[in-house]
Structure formats: structure tokens, C-alpha cells
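The data block below is my_file-v3.csv; it holds CSV, C-alpha atoms and all ligand atoms.
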```csv
chain,number,residue,atom,x,y,z
A,971,MET,CA,87.7,32.6,7.9
A,972,HIS,CA,85.7,29.6,9.0
A,973,ASP,CA,82.1,28.9,7.9
A,974,TYR,CA,81.4,26.7,10.9
A,975,ASP,CA,82.1,27.0,14.7
A,976,LEU,CA,81.6,23.3,14.9
A,977,LEU,CA,81.5,20.3,12.6
A,978,VAL,CA,80.1,17.1,14.2
A,979,VAL,CA,81.1,13.8,12.5
A,980,GLY,CA,79.1,11.0,14.0
A,981,SER,CA,76.0,9.0,14.3
A,982,ALA,CA,72.3,9.7,13.8
A,983,ASN,CA,69.7,7.3,15.2
A,984,ALA,CA,66.0,7.0,15.7
A,985,ASP,CA,65.5,6.7,19.4
A,986,LEU,CA,62.7,4.2,20.3
A,987,VAL,CA,62.0,5.0,24.0
A,988,ILE,CA,60.0,3.1,26.6
A,989,GLY,CA,59.6,4.2,30.2
A,990,VAL,CA,59.9,1.3,32.7
A,991,ASP,CA,59.5,0.9,36.5
A,992,ARG,CA,62.6,-1.3,36.4
A,993,ARG,CA,64.7,-2.9,33.7
A,994,PRO,CA,64.1,-6.6,33.0
A,995,GLY,CA,66.7,-9.1,34.1
A,996,SER,CA,68.0,-11.9,31.8
A,997,GLY,CA,65.0,-14.0,30.6
A,998,GLU,CA,62.5,-11.6,32.2
A,999,THR,CA,59.7,-9.6,30.6
A,1000,VAL,CA,58.4,-6.3,32.1
A,1001,LEU,CA,55.7,-3.9,30.9
A,1002,GLY,CA,56.5,-0.3,30.0
A,1003,SER,CA,55.0,2.9,28.8
A,1004,ASP,CA,53.7,3.7,25.3
A,1005,LEU,CA,56.6,3.8,22.7
A,1006,ALA,CA,58.0,7.3,21.9
A,1007,VAL,CA,60.1,7.8,18.8
A,1008,HIS,CA,62.6,10.7,18.9
A,1009,PRO,CA,65.5,11.9,16.8
A,1010,GLY,CA,68.8,10.9,18.5
A,1011,GLY,CA,72.3,9.5,18.0
A,1012,LYS,CA,75.3,10.9,19.7
A,1013,GLY,CA,76.5,12.9,16.7
A,1014,ALA,CA,73.1,14.3,15.7
A,1015,ASN,CA,72.4,15.2,19.3
A,1016,GLN,CA,75.6,17.2,19.6
A,1017,ALA,CA,74.9,19.0,16.4
A,1018,VAL,CA,71.4,20.0,17.5
A,1019,ALA,CA,72.6,21.0,21.0
A,1020,ALA,CA,75.2,23.4,19.6
A,1021,ALA,CA,73.0,24.8,16.9
A,1022,ARG,CA,70.1,25.5,19.3
A,1023,LEU,CA,72.6,27.5,21.4
A,1024,GLY,CA,73.5,29.6,18.4
A,1025,ALA,CA,76.5,27.8,16.9
A,1026,ARG,CA,77.1,27.7,13.2
A,1027,THR,CA,77.1,23.9,13.0
A,1028,ALA,CA,77.4,21.2,10.3
A,1029,LEU,CA,76.8,17.5,10.6
A,1030,LEU,CA,78.7,14.8,8.6
A,1031,ALA,CA,76.8,11.6,9.0
A,1032,ARG,CA,74.9,8.8,7.2
A,1033,VAL,CA,71.2,7.9,7.4
A,1034,GLY,CA,69.1,5.5,5.5
A,1035,GLU,CA,66.6,6.4,2.8
A,1036,ASP,CA,63.7,5.8,5.1
A,1037,ASP,CA,61.2,7.6,7.4
A,1038,TYR,CA,63.7,7.6,10.3
A,1039,GLY,CA,66.3,9.2,8.1
A,1040,ARG,CA,63.8,11.9,7.1
A,1041,LEU,CA,62.9,12.4,10.8
A,1042,LEU,CA,66.6,13.0,11.6
A,1043,LEU,CA,67.2,15.4,8.7
A,1044,ASP,CA,64.1,17.4,9.6
A,1045,SER,CA,65.3,17.7,13.2
A,1046,GLN,CA,68.7,18.9,12.1
A,1047,ARG,CA,67.3,21.4,9.7
A,1048,THR,CA,64.8,22.8,12.2
A,1049,ALA,CA,67.6,23.3,14.7
A,1050,GLY,CA,69.6,25.2,12.0
A,1051,VAL,CA,72.3,22.6,11.3
A,1052,ASP,CA,73.8,22.5,7.9
A,1053,THR,CA,73.0,19.1,6.6
A,1054,ALA,CA,74.9,19.2,3.3
A,1055,GLY,CA,77.3,16.6,4.8
A,1056,VAL,CA,74.5,14.1,5.7
A,1057,LEU,CA,74.8,11.2,3.3
A,1058,VAL,CA,71.7,9.1,2.5
A,1059,GLY,CA,71.5,5.4,1.8
A,1060,GLY,CA,73.6,2.3,2.0
A,1061,ALA,CA,71.6,0.7,4.9
A,1062,PRO,CA,68.6,1.5,7.1
A,1063,THR,CA,68.9,4.4,9.6
A,1064,GLY,CA,70.5,3.6,12.9
A,1065,VAL,CA,68.1,2.8,15.7
A,1066,ALA,CA,68.6,3.0,19.5
A,1067,LEU,CA,66.4,1.0,21.8
A,1068,ILE,CA,66.2,3.0,25.1
A,1069,THR,CA,64.6,2.3,28.4
A,1070,VAL,CA,64.2,5.1,31.0
A,1071,ASP,CA,63.6,4.3,34.6
A,1072,PRO,CA,61.8,6.5,37.2
A,1073,SER,CA,65.1,8.1,38.3
A,1074,GLY,CA,65.7,9.3,34.8
A,1075,ASP,CA,68.6,6.9,34.1
A,1076,ASN,CA,68.6,5.1,30.8
A,1077,SER,CA,70.0,1.9,29.1
A,1078,ILE,CA,70.6,2.0,25.4
A,1079,VAL,CA,71.2,-0.7,22.7
A,1080,VAL,CA,72.2,0.7,19.3
A,1081,SER,CA,71.8,-0.9,15.9
A,1082,LEU,CA,74.3,1.0,13.9
A,1083,GLY,CA,72.7,0.6,10.4
A,1084,ALA,CA,73.8,3.4,8.1
A,1085,ASN,CA,76.2,4.8,10.7
A,1086,ALA,CA,78.4,1.8,10.2
A,1087,ARG,CA,78.7,2.7,6.5
A,1088,LEU,CA,80.1,6.2,7.1
A,1089,SER,CA,83.5,5.4,5.6
A,1090,PRO,CA,87.0,7.1,5.4
A,1091,GLY,CA,86.2,7.7,1.8
A,1092,ASP,CA,83.1,9.7,2.8
A,1093,ILE,CA,85.4,11.8,5.0
A,1094,ARG,CA,87.8,12.4,2.1
A,1095,ALA,CA,84.9,13.3,-0.2
A,1096,SER,CA,83.7,15.9,2.4
A,1097,ALA,CA,87.1,17.4,3.3
A,1098,ARG,CA,85.7,20.8,2.5
A,1099,LEU,CA,83.6,20.7,5.7
A,1100,LEU,CA,86.8,20.0,7.7
A,1101,THR,CA,88.6,22.9,6.2
A,1102,ALA,CA,85.7,25.2,7.1
A,1103,ALA,CA,85.4,24.3,10.8
A,1104,ARG,CA,87.1,25.6,13.9
A,1105,VAL,CA,86.4,22.5,15.9
A,1106,VAL,CA,85.5,18.9,14.9
A,1107,SER,CA,83.6,16.7,17.4
A,1108,LEU,CA,83.6,12.9,17.3
A,1109,GLN,CA,82.1,9.9,19.1
A,1110,LEU,CA,82.3,6.2,18.4
A,1111,GLU,CA,79.0,5.1,16.9
A,1112,ILE,CA,80.7,5.3,13.5
A,1113,PRO,CA,83.7,3.1,12.4
A,1114,LEU,CA,86.9,3.7,14.3
A,1115,GLU,CA,88.8,3.9,10.9
A,1116,THR,CA,86.5,6.8,9.9
A,1117,VAL,CA,87.2,8.6,13.2
A,1118,ALA,CA,90.9,8.0,12.6
A,1119,GLU,CA,90.6,9.5,9.1
A,1120,VAL,CA,89.0,12.7,10.5
A,1121,VAL,CA,91.8,12.9,13.1
A,1122,ARG,CA,94.5,12.5,10.4
A,1123,THR,CA,93.0,15.2,8.2
A,1124,ALA,CA,92.5,17.6,11.1
A,1125,THR,CA,96.0,17.1,12.5
A,1126,ALA,CA,97.7,17.4,9.1
A,1127,GLY,CA,96.1,20.9,8.6
A,1128,PHE,CA,95.6,22.6,5.3
A,1129,GLY,CA,98.8,24.1,3.9
A,1130,ASP,CA,99.7,27.0,6.2
A,1131,ARG,CA,96.4,26.7,8.1
A,1132,PRO,CA,95.9,24.4,11.1
A,1133,GLY,CA,93.1,22.0,10.9
A,1134,PRO,CA,90.2,22.0,13.4
A,1135,ARG,CA,90.6,21.3,17.1
A,1136,VAL,CA,89.6,17.7,17.9
A,1137,VAL,CA,87.1,16.9,20.6
A,1138,LEU,CA,86.3,13.2,21.1
A,1139,ASN,CA,83.8,11.5,23.3
A,1140,PRO,CA,84.7,7.8,23.1
A,1141,SER,CA,81.2,6.5,23.5
A,1142,PRO,CA,80.5,3.6,23.3
A,1143,PRO,CA,84.1,3.0,24.5
A,1144,ALA,CA,86.6,1.1,22.4
A,1145,PRO,CA,90.4,0.9,22.5
A,1146,LEU,CA,91.8,4.1,20.8
A,1147,PRO,CA,94.9,4.3,18.5
A,1148,THR,CA,97.7,6.4,19.9
A,1149,ASP,CA,97.4,9.1,17.2
A,1150,VAL,CA,93.7,9.5,17.9
A,1151,LEU,CA,94.3,9.9,21.6
A,1152,ALA,CA,97.1,12.3,21.0
A,1153,ALA,CA,94.9,14.6,19.0
A,1154,CYS,CA,92.1,15.0,21.6
A,1155,ASP,CA,91.8,18.4,23.1
A,1156,PRO,CA,89.8,17.4,25.1
A,1157,LEU,CA,89.0,13.7,25.4
A,1158,VAL,CA,85.6,13.8,27.1
A,1159,VAL,CA,84.7,10.7,29.2
A,1160,ASN,CA,82.1,9.7,31.7
A,1161,GLU,CA,82.8,7.2,34.5
A,1162,HIS,CA,82.1,4.1,32.3
A,1163,GLU,CA,84.3,5.3,29.5
A,1164,ALA,CA,87.1,6.3,31.8
A,1165,ARG,CA,87.1,2.9,33.5
A,1166,PHE,CA,87.0,1.1,30.1
A,1167,LEU,CA,90.0,3.1,28.7
A,1168,LEU,CA,92.0,2.5,31.9
A,1169,SER,CA,90.9,-1.2,32.4
A,1170,ASP,CA,94.4,-2.4,31.6
A,1171,GLY,CA,96.0,-0.6,34.6
A,1172,PRO,CA,95.4,0.1,38.3
A,1173,ALA,CA,93.8,3.5,37.7
A,1174,GLY,CA,90.8,1.7,36.1
A,1175,SER,CA,89.8,0.2,39.5
A,1176,SER,CA,90.3,3.5,41.4
A,1177,GLU,CA,87.2,5.4,42.7
A,1178,ASP,CA,88.9,8.7,42.3
A,1179,PRO,CA,88.1,10.8,39.1
A,1180,GLU,CA,91.3,12.7,39.6
A,1181,VAL,CA,93.2,9.5,39.3
A,1182,TRP,CA,91.3,8.7,36.1
A,1183,ALA,CA,92.0,12.1,34.6
A,1184,GLU,CA,95.7,11.9,35.4
A,1185,ALA,CA,96.0,8.4,34.0
A,1186,LEU,CA,94.2,9.3,30.9
A,1187,LEU,CA,96.4,12.4,30.4
A,1188,SER,CA,99.4,10.1,30.6
A,1189,ARG,CA,98.1,8.2,27.5
A,1190,GLY,CA,98.5,11.3,25.3
A,1191,PRO,CA,95.5,13.6,25.0
A,1192,ARG,CA,96.2,17.3,25.4
A,1193,SER,CA,93.4,17.7,27.8
A,1194,VAL,CA,90.7,15.5,29.5
A,1195,VAL,CA,87.2,16.3,30.8
A,1196,VAL,CA,85.6,13.7,33.1
A,1197,THR,CA,81.8,14.2,33.3
A,1198,LEU,CA,80.4,13.3,36.7
A,1199,GLY,CA,76.6,13.6,36.3
A,1200,GLY,CA,75.1,15.7,39.0
A,1201,GLU,CA,78.6,16.4,40.5
A,1202,GLY,CA,79.7,18.4,37.5
A,1203,ALA,CA,82.9,17.8,35.5
A,1204,LEU,CA,86.6,17.5,36.1
A,1205,VAL,CA,88.8,19.4,33.8
A,1206,ALA,CA,92.5,18.4,33.5
A,1207,ASP,CA,95.4,19.4,31.4
A,1208,ARG,CA,99.2,19.4,31.9
A,1209,ASP,CA,99.0,22.4,34.3
A,1210,ARG,CA,96.1,21.6,36.6
A,1211,THR,CA,92.9,19.7,37.5
A,1212,VAL,CA,89.8,21.7,38.4
A,1213,LEU,CA,86.3,20.4,39.5
A,1214,VAL,CA,83.5,22.4,37.9
A,1215,PRO,CA,80.3,21.8,39.9
A,1216,SER,CA,77.0,21.3,38.3
A,1217,LEU,CA,73.6,22.8,39.2
A,1218,ALA,CA,71.0,21.0,41.3
A,1219,VAL,CA,68.0,20.3,39.0
A,1220,PRO,CA,65.1,17.9,39.0
A,1221,VAL,CA,66.1,14.9,36.9
A,1222,VAL,CA,63.5,13.6,34.4
A,1223,ASP,CA,65.6,11.9,31.7
A,1224,THR,CA,69.4,11.8,31.3
A,1225,THR,CA,69.2,10.6,27.7
A,1226,GLY,CA,71.5,12.8,25.5
A,1227,ALA,CA,72.6,15.1,28.4
A,1228,GLY,CA,76.2,14.1,27.8
A,1229,ASP,CA,75.8,14.9,24.1
A,1230,ALA,CA,74.4,18.3,24.9
A,1231,PHE,CA,77.3,18.9,27.3
A,1232,THR,CA,79.9,17.9,24.6
A,1233,GLY,CA,78.2,19.8,21.8
A,1234,ALA,CA,78.1,23.0,24.0
A,1235,LEU,CA,81.7,22.5,25.1
A,1236,ALA,CA,83.0,22.0,21.5
A,1237,TRP,CA,81.1,25.1,20.4
A,1238,ARG,CA,82.5,27.3,23.1
A,1239,LEU,CA,86.0,26.1,22.4
A,1240,GLY,CA,85.3,27.1,18.7
A,1241,LEU,CA,84.4,30.6,19.9
A,1242,GLY,CA,87.8,30.8,21.7
A,1243,ASP,CA,86.8,30.0,25.3
A,1244,GLU,CA,89.5,28.5,27.6
A,1245,LEU,CA,88.7,24.9,28.4
A,1246,GLU,CA,87.6,25.6,32.0
A,1247,ASP,CA,85.2,28.4,30.9
A,1248,ALA,CA,83.8,26.2,28.1
A,1249,VAL,CA,83.1,23.4,30.7
A,1250,ARG,CA,81.4,25.9,33.1
A,1251,PHE,CA,79.0,26.8,30.3
A,1252,ALA,CA,78.5,23.1,29.2
A,1253,VAL,CA,77.6,21.8,32.6
A,1254,ARG,CA,74.7,24.3,32.6
A,1255,VAL,CA,73.6,23.0,29.2
A,1256,GLY,CA,73.8,19.4,30.4
A,1257,ALA,CA,71.9,20.3,33.6
A,1258,ALA,CA,69.1,21.9,31.6
A,1259,ALA,CA,68.9,18.8,29.3
A,1260,VAL,CA,68.1,16.4,32.1
A,1261,THR,CA,65.0,18.3,33.2
A,1262,ARG,CA,63.0,17.2,30.1
A,1263,ALA,CA,62.3,13.9,28.4
A,1264,GLY,CA,64.0,12.8,25.2
A,1265,ALA,CA,67.4,13.7,23.8
A,1266,GLN,CA,67.2,16.5,21.2
A,1267,ALA,CA,63.8,17.5,22.5
A,1268,SER,CA,65.3,18.3,25.9
A,1269,PHE,CA,68.2,20.6,24.7
A,1270,PRO,CA,68.0,24.2,25.8
A,1271,ASP,CA,68.5,27.4,23.9
A,1272,ALA,CA,70.8,30.2,25.0
A,1273,GLY,CA,68.1,32.0,26.9
A,1274,GLU,CA,67.2,29.0,28.9
A,1275,VAL,CA,70.8,28.4,29.9
A,1276,ALA,CA,71.2,32.0,31.0
A,1277,ALA,CA,68.0,31.7,33.1
A,1278,LEU,CA,69.2,28.6,34.9
B,1301,LIG,O1,73.7,9.6,24.1
B,1301,LIG,C1,72.3,9.3,23.8
B,1301,LIG,C2,72.2,8.7,22.5
B,1301,LIG,O2,72.9,7.5,22.5
B,1301,LIG,C3,70.8,8.4,22.1
B,1301,LIG,O3,70.2,9.5,21.4
B,1301,LIG,C4,70.9,7.2,21.2
B,1301,LIG,O4,70.6,7.3,19.9
B,1301,LIG,C5,72.4,6.7,21.4
B,1301,LIG,O5,73.2,7.1,20.3
```
Any chance you could put this one into C-alpha cells?
Ligand code: RIB
Amino acid sequence: MHDYDLLVVGSANADLVIGVDRRPGSGETVLGSDLAVHPGGKGANQAVAAARLGARTALLARVGEDDYGRLLLDSQRTAGVDTAGVLVGGAPTGVALITVDPSGDNSIVVSLGANARLSPGDIRASARLLTAARVVSLQLEIPLETVAEVVRTATAGFGDRPGPRVVLNPSPPAPLPTDVLAACDPLVVNEHEARFLLSDGPAGSSEDPEVWAEALLSRGPRSVVVTLGGEGALVADRDRTVLVPSLAVPVVDTTGAGDAFTGALAWRLGLGDELEDAVRFAVRVGAAAVTRAGAQASFPDAGEVAAL
């Protein structure tokens, strides 16, 4: 028996968001909208997205002992996420400086703060959460050694019981150890992340997402999902590659849409969906998330997804 459909191990940031007509170039100043402060962070976003859809979700993360940390904890609890694994203190809460342009595209700079203090020791101390989850979802706004510790624990299993299935979105991208790559089922990447991971070979300069998916699979993950924004997502495993189209929706703000996609995908895998079915559901969640401003504030509930 598992207590959680999904455990998210990752970052929690306060998102400081300004709308701009265009982004400044180097040495340039532009004026923007009033500042908005939202709960964000790729890990916290995934947890809220899944919980809002109905998943039994826990978050393992670290925030500072400050107002932003309290904002993030409140947002998780309101969505129904179990926050027993959210550690407090060690550094100020992570902050993301975000600009959003009129097309809804964003640029993000993250100051990791407390996220950088989420250590392998913290994972070992919270191993109970890993034993209780069907799926564990990871990103890279926490130390890579911490991600590797989660993967080691998950792949070792617990006596005669397998550990949780590992979903990884390598964002922001970094070189990945072989054992981490091999555990991913799936590795979830967007175009930037795919190109980064493949930058040491010819596939990195290809324009064809199928080439990326095939090249990424050859590096060891059990399956790969390449997200393609408004085009949908490509699902690839040893047997086949399938394009799952998205829905045409008005785009207001893409911030956090990838996190909503991955949180939804990981949850559906935890329920036992096949990967392709889970992606079909997740593209609808991602589509809904771009129609509203903000990250967590834009995530749909199950009724909204069904109505799309
Ligand atoms: O993916 C969007 C998220 O990236 C934002 O919420 C921001 O905090 C950064 O982590």
C-alpha cells in the first residue's frame, strides 16, 4: 500500500513577475508592469498541479524561515499537498525573477537560496516518504547529488518491494550521471533541455524532435517525453515513438505550464496509466495552464481539464 500517488522532490521559489513589452538587451533598461509575487519553483509547482487534480501528493523541499517560505507552505497546504517533508531554514527561500512578454513567453533567473541546501542527508532522513510513494518526480533546481541520492534509493527498492518509478525533468539542464539517466521512466525534456543534453553529438543540432528522442533514449533512460509547446509532446520508448498533439488555446502566460504537464504526467503514471495515455492527459493540463497568468495560480482542477 502506498500513501502517496506522487512524491515531488525539488525546488520551491517565490516568483517575482513583471510583464514587459520586450526584454531588455545587455546594458539596457526597460519599464514593466507592477510587480506580482506568486508561489512557484519547479518542484512546488509540480506538487500543486498534481494535488489540484486529485493526486495524493507529498513534497520534499527546503524553504527559508521567512515570508516567502510561509507563502509557499500555505500554497502547498491549500492545494492539499502533504508538507511534512518541507524543511525550513538554512538559507533564505529561493527566488525566481521572471519577465513575461505579450506573447506569454517567459525568461527566468533563479536564486536557489534554501533549495541549494536540500542535501543527500535530508533525503536519507526522509526515506519514509520515498517508501510511501508510487512515483517520485525530480527536477534540477536542487543539488545534483541530492537528485542522485533519490535515484539511488528509488532504484535500490525496499527489501522485496520495488522503489518508486522515477520521473525527471532536467531543468535547468545539466550533465546527468549515467545511473540517473538510466533510472528515468520517463526523462521529460523541452527543446532547450534536449539540445543541451545532446550538445556533445550531431543530434543536438538536428531540428527533428524524433532525432532528439531517439538519441536521448540511446543514453539510457527507459522512456523519453519531448514537450513541444503548442505542438504537443513526443513519447518515445524502445518500441515506438508517438506524437501526442496539444489543444489550440489562447496563450496568456506559459510560466509553470511544463511543471503542470510533468506533475500531471507523473500522477497518472502513479495511477497505472500507460505512458502514452498519461501524456494525453498531461498535454490537456499543460494547455489549460497557459490560459491564465502565474504558475500555480494557473493550474486547472480535474473538472476544468475534462471541460477543455
Ligand atoms: O517552471 C517555472 C518555474 O521555474 C517558476 O515557478 C520559477 O520559480 C522557476 O523555478
* Selection: 7 Å around segment 1096-1108 of chain A, only C-alpha atoms, excl. self and same-chain fewer than 5 positions, as a PyMOL selection string -> chain A and resi 972-980+1055+1117+1133-1139+1236+1240
* To do: Could you give me the residues within 10 Å of ligand LIG 1301 (chain B), counting all atoms listed in the file, as a count of residues only?
  => 44
* List the residues sitting within 7 Å of (83.3, 24.2, 27.4) in the file's frame, using only C-alpha atoms, as a count of residues only. => 13
* Take atom CA of Arg1208 of chain A and atom CA of Ala1173 of chain A and report the distance between them in Å, one decimal. =>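 Taking atom CA of Arg1208 of chain A and atom CA of Ala1173 of chain A, their separation equals 17.8 Å.
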Please determine an axis-aligned box that encloses all atoms of segment 1065-1068 of chain A listed in the file, with 4 Å added on each side, and express its centre and edge lengths in Å to one decimal as JSON.
```
{"center_x": 67.4, "center_y": 2.0, "center_z": 20.4, "size_x": 10.4, "size_y": 10.0, "size_z": 17.4}
```
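Comparing A:Leu1057, A:Leu1198, A:Ala1118, A:Ala1025 by their smallest distance to Asp1092 of chain A, the closest is A:Leu1057 (using only C-alpha atoms).
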* Asked: Which of these, A:Ala1183, A:Leu1114, A:Leu1041, A:Met971, has the shortest distance to Leu1088 of chain A once you count only C-alpha atoms?
  -> A:Leu1114
* How far is it from atom CA of Leu1278 of chain A to atom CA of Arg1047 of chain A, in Å with one decimal? ->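 Separation between atom CA of Leu1278 of chain A and atom CA of Arg1047 of chain A: 26.3 Å.
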* Asked: Counting all atoms listed in the file, which of A:Pro1220, A:Gly1233, A:Gly1034, A:Gly1242 gets nearest to Val1255 of chain A?
  -> A:Gly1233
* What separation in Å, quoted to one decimal, exists between atom CA of Asp1075 of chain A and atom CA of Ser1003 of chain A? ->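 Atom CA of Ser1003 of chain A lies 15.1 Å from atom CA of Asp1075 of chain A.
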* To do: Could you check which of A:Ala1049, A:Ala1084, A:Leu1005, A:Val1260 is closest to Arg1026 of chain A, using all atoms listed in the file?
  =>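 Checking each candidate against Arg1026 of chain A, we get A:Ala1049 as the closest.
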* To do: Please provide as a ChimeraX atom specification all residues within 12 Å of Ser1193 of chain A, with the sequence filter that same-chain residues fewer than 2 positions apart are discarded (counting all atoms listed in the file).
  => /A:1135-1138,1151-1159,1183-1191,1195-1196,1204-1212,1244-1246
* Asked: Which is closer to Ala1276 of chain A than all the others in A:Val1194, A:Arg1254, A:Phe1166, A:Val1221, using only C-alpha atoms?
  ->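 Checking each candidate against Ala1276 of chain A, we get A:Arg1254 as the closest.
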* Which is closer to Asp1004 of chain A than all the others in A:Val1121, A:Ala1061, A:Val1018, A:Val990, using only C-alpha atoms? ->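 Nearest candidate to Asp1004 of chain A out of A:Val1121, A:Ala1061, A:Val1018, A:Val990: A:Val990.
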